[in-house]
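J.: My structure file run.txt, compact mmCIF, C-alpha atoms, is below:
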# COMPACT_ATOMS: atom_id res chain seq x y z
CA MET A 24 101.07 140.85 121.91
CA PHE A 25 99.93 137.27 121.55
CA ILE A 26 102.61 136.45 119.00
CA GLU A 27 105.18 137.85 121.43
CA LEU A 28 103.81 135.63 124.19
CA CYS A 29 103.92 132.53 122.00
CA GLN A 30 107.50 133.20 121.05
CA GLN A 31 108.46 133.82 124.67
CA VAL A 32 106.86 130.55 125.80
CA SER A 33 108.67 128.53 123.16
CA VAL A 34 111.98 130.22 123.93
CA TRP A 35 111.68 129.87 127.72
CA ALA A 36 110.06 126.44 128.11
CA ILE A 37 113.15 124.27 127.58
CA PRO A 38 115.63 126.36 129.62
CA MET A 39 113.09 126.42 132.47
CA ILE A 40 112.71 122.64 132.40
CA LEU A 41 116.49 122.25 132.37
CA LEU A 42 116.67 124.54 135.40
CA ILE A 43 113.72 123.35 137.47
CA ILE A 44 114.14 119.57 137.26
CA PRO A 45 117.79 119.43 138.43
CA MET A 46 117.07 122.00 141.16
CA LEU A 47 114.07 120.06 142.38
CA GLY A 48 116.11 116.85 142.29
CA TYR A 49 118.90 118.46 144.30
CA PHE A 50 116.53 119.66 147.01
CA ARG A 51 114.96 116.22 147.16
CA LYS A 52 118.43 114.78 147.84
CA VAL A 53 118.81 113.05 144.48
CA LYS A 54 122.38 112.55 143.26
CA ILE A 55 121.50 114.55 140.17
CA TYR A 56 124.73 114.17 138.23
CA GLU A 57 124.75 110.39 138.65
CA ALA A 58 121.05 110.13 137.83
CA PHE A 59 121.51 112.21 134.67
CA VAL A 60 124.41 110.09 133.46
CA GLU A 61 122.53 106.89 134.19
CA GLY A 62 119.51 108.08 132.23
CA ALA A 63 121.59 109.48 129.38
CA GLY A 64 123.34 106.14 129.00
CA GLU A 65 120.10 104.67 127.69
CA GLY A 66 119.97 107.34 124.99
CA PHE A 67 122.72 105.81 122.91
CA TYR A 68 121.22 102.32 122.75
CA THR A 69 117.80 103.75 121.99
CA GLY A 70 119.21 105.67 119.04
CA ILE A 71 120.94 102.58 117.73
CA ARG A 72 117.84 100.44 118.19
CA ILE A 73 115.77 102.86 116.10
CA MET A 74 118.24 102.76 113.22
CA PRO A 75 117.04 99.65 111.31
CA TYR A 76 113.41 100.78 111.53
CA LEU A 77 114.29 104.24 110.25
CA VAL A 78 116.36 102.80 107.39
CA ALA A 79 113.48 100.54 106.31
CA MET A 80 110.91 103.32 106.39
CA MET A 81 113.01 106.11 104.90
CA VAL A 82 114.29 103.96 102.01
CA ALA A 83 110.75 102.97 100.99
CA ILE A 84 109.43 106.53 101.30
CA ASN A 85 112.37 108.00 99.42
CA ILE A 86 112.07 105.56 96.50
CA PHE A 87 108.36 106.37 96.33
CA LYS A 88 109.13 110.09 96.29
CA ALA A 89 112.21 110.19 94.04
CA SER A 90 110.81 107.88 91.36
CA GLY A 91 108.03 110.34 90.63
CA ALA A 92 105.37 107.84 91.70
CA MET A 93 104.31 110.20 94.46
CA SER A 94 103.58 113.13 92.17
CA ALA A 95 101.74 110.77 89.81
CA CYS A 96 99.58 109.64 92.74
CA ILE A 97 98.99 113.27 93.67
CA ASP A 98 97.76 114.07 90.15
CA GLN A 99 95.40 111.11 90.27
CA ILE A 100 94.01 111.93 93.68
CA ALA A 101 93.77 115.69 93.08
CA SER A 102 90.75 115.45 90.77
CA LEU A 103 89.02 113.08 93.17
CA LEU A 104 89.67 115.35 96.15
CA GLN A 105 88.50 118.41 94.26
CA PHE A 106 85.08 116.81 94.37
CA PHE A 107 85.24 117.11 98.19
CA GLY A 108 86.21 120.78 97.95
CA VAL A 109 89.97 120.32 98.41
CA PRO A 110 92.01 122.92 96.48
CA PRO A 111 94.46 121.07 94.17
CA GLU A 112 97.37 123.17 95.51
CA LEU A 113 97.01 121.47 98.90
CA VAL A 114 96.97 117.85 97.72
CA PRO A 115 100.80 117.44 97.68
CA LEU A 116 100.91 118.72 101.26
CA GLY A 117 98.20 116.27 102.33
CA ILE A 118 100.14 113.32 100.88
CA MET A 119 103.50 114.52 102.18
CA ARG A 120 102.34 115.35 105.73
CA PRO A 121 102.26 111.83 107.20
CA LEU A 122 105.39 110.71 105.30
CA SER A 123 107.97 113.42 105.91
CA GLY A 124 108.09 116.28 108.40
CA THR A 125 110.78 118.34 106.66
CA GLY A 126 109.08 117.70 103.30
CA ALA A 127 105.76 119.01 104.61
CA LEU A 128 107.43 122.06 106.14
CA GLY A 129 109.14 122.79 102.81
CA LEU A 130 105.87 122.46 100.89
CA THR A 131 104.07 124.77 103.31
CA THR A 132 106.78 127.41 103.02
CA GLU A 133 106.49 127.17 99.26
CA ILE A 134 102.70 127.55 99.37
CA LEU A 135 102.99 130.57 101.70
CA ASN A 136 105.52 132.22 99.41
CA THR A 137 103.59 131.50 96.20
CA TYR A 138 100.04 132.32 97.27
CA GLY A 139 100.77 134.56 100.26
CA PRO A 140 100.37 133.59 103.94
CA ASP A 141 97.09 135.50 104.22
CA SER A 142 95.45 133.92 101.19
CA MET A 143 92.85 131.22 101.74
CA VAL A 144 95.21 128.48 100.55
CA GLY A 145 97.98 129.86 102.74
CA ARG A 146 95.78 129.80 105.83
CA MET A 147 94.59 126.30 105.02
CA ALA A 148 98.17 125.05 104.57
CA SER A 149 99.21 126.61 107.91
CA THR A 150 96.28 125.01 109.69
CA ILE A 151 97.02 121.61 108.15
CA LEU A 152 100.64 121.78 109.27
CA GLY A 153 99.59 122.81 112.78
CA SER A 154 96.94 120.18 113.36
CA THR A 155 98.55 117.01 112.02
CA ASP A 156 101.81 115.17 112.62
CA THR A 157 104.30 112.97 110.78
CA THR A 158 102.53 109.68 111.46
CA PHE A 159 105.01 107.36 109.71
CA TYR A 160 107.99 108.89 111.48
CA ILE A 161 106.39 108.77 114.93
CA LEU A 162 105.27 105.19 114.43
CA THR A 163 108.70 104.09 113.19
CA VAL A 164 110.65 105.79 115.96
CA TYR A 165 108.35 105.11 118.94
CA PHE A 166 107.73 101.48 118.11
CA GLY A 167 111.26 100.92 116.79
CA ALA A 168 112.78 102.07 120.07
CA VAL A 169 111.14 99.22 121.97
CA GLY A 170 111.44 96.64 119.20
CA ILE A 171 107.78 96.50 118.15
CA SER A 172 107.50 95.19 114.58
CA ARG A 173 103.75 94.54 114.61
CA PRO A 174 101.92 97.85 115.09
CA ARG A 175 98.44 96.28 114.71
CA TYR A 176 95.86 98.89 113.74
CA SER A 177 97.80 102.00 114.85
CA LEU A 178 98.89 103.04 111.37
CA CYS A 179 95.26 103.11 110.20
CA VAL A 180 94.21 105.13 113.24
CA GLY A 181 97.11 107.56 112.77
CA LEU A 182 96.35 108.07 109.09
CA LEU A 183 92.66 108.57 109.88
CA GLY A 184 93.72 111.34 112.25
CA ASP A 185 95.75 112.94 109.46
CA LEU A 186 92.83 112.74 107.04
CA ILE A 187 90.48 114.34 109.56
CA GLY A 188 93.07 117.04 110.26
CA PHE A 189 93.51 117.68 106.54
CA LEU A 190 89.82 117.90 105.60
CA GLY A 191 88.90 119.61 108.88
CA SER A 192 91.47 122.37 108.28
CA ILE A 193 90.10 123.07 104.83
CA TYR A 194 86.47 123.22 105.91
CA ILE A 195 87.14 125.25 109.05
CA CYS A 196 89.27 127.82 107.22
CA ARG A 197 86.59 128.23 104.59
CA TRP A 198 84.02 128.79 107.31
CA LEU A 199 86.17 131.06 109.55
CA PHE A 200 87.83 133.40 107.06
CA MET B 18 99.08 96.31 107.45
CA ILE B 19 102.54 97.85 107.79
CA ASN B 20 103.90 95.10 105.49
CA VAL B 21 101.39 95.97 102.77
CA ILE B 22 102.11 99.68 102.93
CA TRP B 23 105.87 99.17 102.93
CA LEU B 24 105.61 96.87 99.91
CA LEU B 25 103.27 99.29 98.13
CA LEU B 26 105.69 102.19 98.58
CA LEU B 27 108.55 100.09 97.19
CA VAL B 28 106.66 98.45 94.32
CA THR B 29 104.91 101.57 93.02
CA GLY B 30 108.14 103.54 93.26
CA ILE B 31 110.31 100.98 91.45
CA VAL B 32 107.74 100.09 88.79
CA TYR B 33 107.00 103.75 88.10
CA ALA B 34 110.70 104.55 87.76
CA ALA B 35 111.19 101.57 85.44
CA LEU B 36 108.26 102.58 83.22
CA HIS B 37 109.59 106.11 82.90
CA GLY B 38 113.15 105.05 82.13
CA ARG B 39 114.54 106.36 85.39
CA ILE B 40 115.51 103.12 87.07
CA ASP B 41 118.88 104.56 88.15
CA VAL B 42 117.01 106.94 90.46
CA VAL B 43 115.92 103.98 92.59
CA THR B 44 119.43 102.84 93.52
CA GLN B 45 120.55 106.35 94.20
CA SER B 46 117.58 107.33 96.36
CA ALA B 47 117.63 104.04 98.29
CA ILE B 48 121.28 104.46 99.23
CA SER B 49 121.01 108.12 100.13
CA ALA B 50 117.89 107.44 102.23
CA ALA B 51 119.66 104.63 104.09
CA GLU B 52 122.56 106.94 104.86
CA GLY B 53 120.16 109.70 105.84
CA ALA B 54 118.35 107.37 108.24
CA VAL B 55 121.60 106.50 110.01
CA SER B 56 122.67 110.11 110.39
CA LEU B 57 119.18 111.02 111.60
CA SER B 58 119.26 108.35 114.29
CA LEU B 59 122.76 109.44 115.31
CA LYS B 60 121.48 113.00 115.53
CA LEU B 61 118.66 111.71 117.73
CA VAL B 62 121.19 110.09 120.07
CA GLY B 63 122.37 113.42 121.48
CA VAL B 64 118.89 114.81 122.14
CA MET B 65 117.84 111.44 123.48
CA CYS B 66 120.73 111.35 125.98
CA LEU B 67 119.92 114.86 127.15
CA TRP B 68 116.20 114.28 127.73
CA LEU B 69 116.48 110.76 129.09
CA GLY B 70 119.06 112.10 131.57
CA ILE B 71 116.75 114.91 132.68
CA MET B 72 113.85 112.46 132.86
CA LYS B 73 115.89 110.17 135.11
CA ILE B 74 116.41 113.02 137.59
CA ALA B 75 112.69 113.79 137.46
CA GLU B 76 111.91 110.13 138.00
CA VAL B 77 114.23 109.65 140.99
CA ALA B 78 112.96 112.90 142.52
CA GLY B 79 109.40 111.55 142.32
CA LEU B 80 108.30 114.28 139.93
CA VAL B 81 107.20 111.88 137.18
CA LYS B 82 104.88 110.03 139.54
CA PHE B 83 103.51 113.32 140.85
CA ILE B 84 102.74 114.59 137.36
CA GLY B 85 101.08 111.32 136.48
CA ARG B 86 98.83 111.59 139.51
CA LEU B 87 97.77 115.13 138.57
CA LEU B 88 95.55 114.03 135.74
CA SER B 89 95.10 110.41 136.71
CA PRO B 90 91.32 110.22 136.10
CA LEU B 91 91.78 111.26 132.48
CA LEU B 92 94.79 108.96 132.01
CA CYS B 93 92.97 106.03 133.61
CA PHE B 94 90.13 106.56 131.17
CA LEU B 95 92.50 106.70 128.19
CA PHE B 96 94.77 103.87 129.36
CA PRO B 97 92.60 101.40 131.30
CA SER B 98 95.20 98.62 130.94
CA VAL B 99 97.88 100.57 132.86
CA PRO B 100 97.79 100.26 136.70
CA LYS B 101 96.91 103.52 138.41
CA ASN B 102 100.26 104.20 140.09
CA HIS B 103 102.52 102.79 137.40
CA PRO B 104 105.43 105.09 136.41
CA ALA B 105 104.27 104.86 132.78
CA MET B 106 101.43 107.26 133.66
CA GLY B 107 103.89 110.02 134.57
CA SER B 108 105.92 109.53 131.39
CA ILE B 109 102.77 109.58 129.27
CA MET B 110 101.60 112.77 130.96
CA MET B 111 104.97 114.44 130.30
CA THR B 112 104.96 113.29 126.67
CA LEU B 113 101.49 114.68 126.10
CA SER B 114 102.34 117.98 127.81
CA ALA B 115 105.52 118.41 125.76
CA ASN B 116 103.47 117.65 122.66
CA MET B 117 100.88 120.26 123.60
CA LEU B 118 103.52 122.91 124.27
CA GLY B 119 105.09 122.13 120.91
CA LEU B 120 108.49 121.33 122.44
CA GLY B 121 109.68 119.75 119.19
CA ASN B 122 112.68 117.55 119.78
CA ALA B 123 111.93 116.96 123.47
CA VAL B 124 108.76 115.08 122.54
CA THR B 125 110.45 112.13 120.81
CA PRO B 126 112.69 111.07 123.76
CA LEU B 127 109.78 111.45 126.18
CA GLY B 128 107.52 109.42 123.91
CA ILE B 129 110.14 106.70 123.67
CA LYS B 130 110.49 106.70 127.45
CA SER B 131 106.73 106.17 127.76
CA MET B 132 106.83 103.37 125.20
CA GLN B 133 109.61 101.69 127.19
CA ALA B 134 107.53 101.92 130.35
CA LEU B 135 104.53 100.45 128.52
CA GLN B 136 106.70 97.71 127.04
CA GLN B 137 107.31 96.40 130.59
CA LEU B 138 103.57 95.74 130.86
CA ASN B 139 103.33 94.26 127.38
CA PRO B 140 102.95 90.46 127.30
CA GLN B 141 103.89 90.16 123.59
CA LYS B 142 107.14 92.05 123.12
CA ASP B 143 107.00 92.32 119.31
CA THR B 144 103.35 93.42 119.12
CA ALA B 145 102.00 96.80 120.15
CA SER B 146 99.80 96.64 123.26
CA ASP B 147 96.44 98.44 123.56
CA ALA B 148 97.99 101.23 125.62
CA MET B 149 100.82 101.67 123.11
CA CYS B 150 98.33 102.04 120.26
CA THR B 151 96.40 104.66 122.22
CA LEU B 152 99.55 106.64 123.04
CA LEU B 153 100.67 106.53 119.42
CA ALA B 154 97.24 107.67 118.28
CA LEU B 155 97.37 110.64 120.67
CA CYS B 156 100.88 111.61 119.55
CA THR B 157 100.17 111.33 115.83
CA ALA B 158 97.03 113.44 116.17
CA GLY B 159 99.44 116.18 117.25
CA PHE B 160 97.35 118.28 119.62
CA THR B 161 99.34 121.52 120.02
CA LEU B 162 98.42 124.61 121.99
CA ILE B 163 101.13 126.81 120.49
CA PRO B 164 102.15 125.92 116.92
CA ALA B 165 105.42 127.89 117.19
CA THR B 166 106.95 126.64 113.92
CA ILE B 167 103.96 127.64 111.82
CA ILE B 168 103.75 131.08 113.40
CA ALA B 169 107.45 131.51 112.62
CA ILE B 170 107.19 130.52 108.94
CA ARG B 171 104.05 132.63 108.54
CA SER B 172 105.72 135.76 109.83
CA ALA B 173 108.80 134.95 107.74
CA ALA B 174 106.54 134.87 104.67
CA GLY B 175 105.31 138.36 105.56
CA SER B 176 101.89 137.62 107.04
CA VAL B 177 99.89 140.55 108.39
CA ASN B 178 98.53 138.37 111.17
CA PRO B 179 100.66 135.23 111.66
CA THR B 180 98.72 133.97 114.69
CA GLU B 181 95.23 134.12 113.19
CA ILE B 182 95.30 130.39 112.43
CA ILE B 183 95.75 129.36 116.09
CA GLY B 184 92.02 129.14 116.71
CA ALA B 185 91.60 126.93 113.66
CA THR B 186 94.52 124.62 114.56
CA LEU B 187 93.18 124.24 118.10
CA VAL B 188 89.70 123.27 116.93
CA VAL B 189 90.93 120.95 114.17
CA SER B 190 93.57 119.16 116.22
CA PHE B 191 91.13 118.75 119.10
CA MET B 192 88.60 117.21 116.70
CA ALA B 193 91.29 114.96 115.24
CA THR B 194 92.40 113.86 118.72
CA VAL B 195 88.87 113.01 119.83
CA SER B 196 88.11 111.06 116.65
CA VAL B 197 91.42 109.22 116.87
CA VAL B 198 90.68 108.17 120.46
CA ILE B 199 87.24 106.92 119.37
CA ALA B 200 88.69 105.11 116.35
CA ASP B 201 91.34 103.55 118.59
CA ARG B 202 88.65 102.22 120.95
CA ILE B 203 86.61 100.78 118.09
CA CYS B 204 89.67 99.12 116.53
CA ARG B 205 90.64 97.70 119.91
CA ILE B 206 87.22 96.13 120.42
CA ILE B 207 87.22 94.66 116.89
CA TYR B 208 90.74 93.35 117.38
CA HIS B 209 89.89 91.60 120.63
CA LEU B 210 86.66 90.14 119.24
CA ARG B 211 88.62 88.70 116.32
CA ALA B 212 91.38 87.40 118.58
CA ARG B 213 88.87 85.57 120.76
CA ARG B 214 87.43 83.64 117.83
Would you encode the structure as C-alpha cells?
T.:
Amino acid sequence: MFIELCQQVSVWAIPMILLIIPMLGYFRKVKIYEAFVEGAGEGFYTGIRIMPYLVAMMVAINIFKASGAMSACIDQIASLLQFFGVPPELVPLGIMRPLSGTGALGLTTEILNTYGPDSMVGRMASTILGSTDTTFYILTVYFGAVGISRPRYSLCVGLLGDLIGFLGSIYICRWLF
Amino acid sequence: MINVIWLLLLVTGIVYAALHGRIDVVTQSAISAAEGAVSLSLKLVGVMCLWLGIMKIAEVAGLVKFIGRLLSPLLCFLFPSVPKNHPAMGSIMMTLSANMLGLGNAVTPLGIKSMQALQQLNPQKDTASDAMCTLLALCTAGFTLIPATIIAIRSAAGSVNPTEIIGATLVVSFMATVSVVIADRICRIIYHLRARR
C-alpha cells in the first residue's frame, strides 16, 4: 500500500505542479505564456554559465577515478573504516557518493544485486543513498550558476553531512534490523 | 579549500597513473570528462528553461512570496541575513520542498533560482554569502521524505519489502540536516571572527 502511495506521489507531483501554477497564474490575471517565456529565457544562459565549473570539476574527478587512484584510496581507507564498524563492501559507495550521483547509483545497484536488497549490506547501501546527496555536483552547479568561485567553508560542511549520513546509516541499520 | 581539493584530485590521479604505467588514461579521461560536462550542462538547459519558466509564472502570480511567508519563522531562523519579505525566501522554500518530495531534476533549477535571488543580496559577488552557504548545506544534506529512486531500484533487485528503509533514511537524513545546520553556524561564527581580526 505504502509503496503504491510513494510511487503515485512521485508520478503525480510534477504534472500537478505543471497544471496548478499556470492555472493559478491565469486566474490571477498573469500573462502566463509571456511570463513563462521570459523565465525560460534565463535557462539557457544559466546552463552556459555552469559549463566551465562543471568541466573543471568533472575532469578532476574523472582523472582521479579512471587512473585507479580512487580504488587505491578505497583500499587504504577500508581497513581504517573497518575499525569503526564499516563493512568494507560499503567503502567504495561512501567515497563515490559525494563525487558522482550516477556512479553512486550504479554502485548501489551492484551491491543490491550481489548481496541481495534485504541483506544487511543491501539495506545499509539503500539508506546511504537515500540520506546523502552528491555534494560536489550541487556545489559546482549552484555556485557556478551565479559565478561564485570562492565557496568558503561550504564544501567542508557538505562533506561533513555526507560523513554523518554514511556512518549514521550503518549504525541505524545495524540497530533497526 | 576548493583549490586544495581540486589540486589533490588532479595530482593523485596523474601521479598514480604515471606510477602504474597508465599515463595515457589521463588524457583520455580528461577529454571525455570535459565533453561529458558540456553535454550535461546542455542537457540541464532544457530542464532549466522549463522550471525557470514555471517559476516565473509562480513569481508574477505572487505564489512564491506566499509560499515563503508560510514558513517564514523557520526560514528567518535559518537565514537571518535575508530580509523577511524578500523573494529569495519563497524560492528557498520551493527548493527545499522539491528536495523533500524527491522531485529530482526540478530541484536543481529551483536551487539555482534561489542562489540567484541570494546573489542580489551578496556584497561580494565571487564569494559565497552566509545565506548561500546555509542553503547549500541544506541541499547537500539531502533531506527526502520519499526516496523514490531507492525504492525503485530495491524493488527492481527483488526486495521483499522495498520501503522498509524509509524510516532509516528519514532519521539519518534528519540527523545529517540538523548537524549540517549546526556546523554551518559554527563555521560562520569562526569565519567572521577571523575576518574581523
J.: Nearest residue to chain B out of A:Ser90, A:Thr125, A:Thr137, A:Gln31, using only C-alpha atoms?
T.: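 Among A:Ser90, A:Thr125, A:Thr137, A:Gln31, it is A:Ser90 that comes nearest to chain B.
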J.: Find the residues near stretch 45-53 of chain A: any atom within 8 Å, counting only C-alpha atoms, skip ones fewer than 5 places away on the same chain, and give them as a list in words.
T.: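 Listed by chain and then number, they are Ala58 of chain A; Ile71, Ile74, Ala75, Val77 and Ala78 of chain B.
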J.: Do a neighbour search on stretch 177-180 of chain A at 12 Å with all atoms listed in the file, toss out local chain neighbours closer than 6 positions, and write the hits as a VMD selection string.
T.: (chain A and resid 121 to 122 157 to 163 165 to 166 171 186 to 187) or (chain B and resid 18 to 23 144 to 158 193 to 205 208)
J.: Smallest atom-to-atom distance to A:Gly191: which of B:Ile48, B:Ala54, B:Val188, B:Ala134, using all atoms listed in the file?
T.: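 For A:Gly191, the nearest of the given residues is B:Val188.
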J.: How many Å separate atom CA of B:Arg213 from atom CA of B:Cys93?
T.: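 Atom-to-atom, atom CA of B:Arg213 to atom CA of B:Cys93, that is 24.5 Å.
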J.: Neighbours of stretch 94-107 of chain B within 8 Å (all atoms listed in the file; same-chain residues fewer than 3 positions away dropped), as a list in words?
T.: Val81, Lys82, Phe83, Ile84, Gly85, Arg86, Ser89, Pro90, Leu91, Met110, Met111, Ser131, Ala134, Leu135, Leu138, Asp147, Ala148 and Thr151 of chain B
J.: Residues near stretch 120-128 of chain B, anyone? I mean within 9 Å using only C-alpha atoms, not counting same-chain ones fewer than 3 positions away, as a VMD selection string.
T.: (chain A and resid 33 36 to 37 66 161 164 to 165) or (chain B and resid 61 64 to 69 72 108 to 109 111 to 117 131 to 133 152 to 153 156 165)
J.: Work out how far apart atom CA of A:Gly117 and atom CA of A:Phe189 are and give it in Å to one decimal.
T.: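 Going from atom CA of A:Gly117 over to atom CA of A:Phe189 covers 6.5 Å.
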J.: Closest to A:Lys88 among A:Val169, A:Val144, A:Ile118, A:Ile44, using all atoms listed in the file?
T.: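 The shortest atom-to-atom distance to A:Lys88 comes from A:Ile118.
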J.: Would you compute the distance between atom CA of A:Ile134 and atom CA of B:Ser46? Give it in Å to one decimal.
T.: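 Atom CA of A:Ile134 sits 25.3 Å away from atom CA of B:Ser46.
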J.: I need the residue nearest chain B from this list: A:Pro110, A:Pro38, A:Pro140, A:Gly126. Use only C-alpha atoms for the distance.
T.: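 Going through A:Pro110, A:Pro38, A:Pro140, A:Gly126 one by one, the smallest distance to chain B is for A:Pro140.
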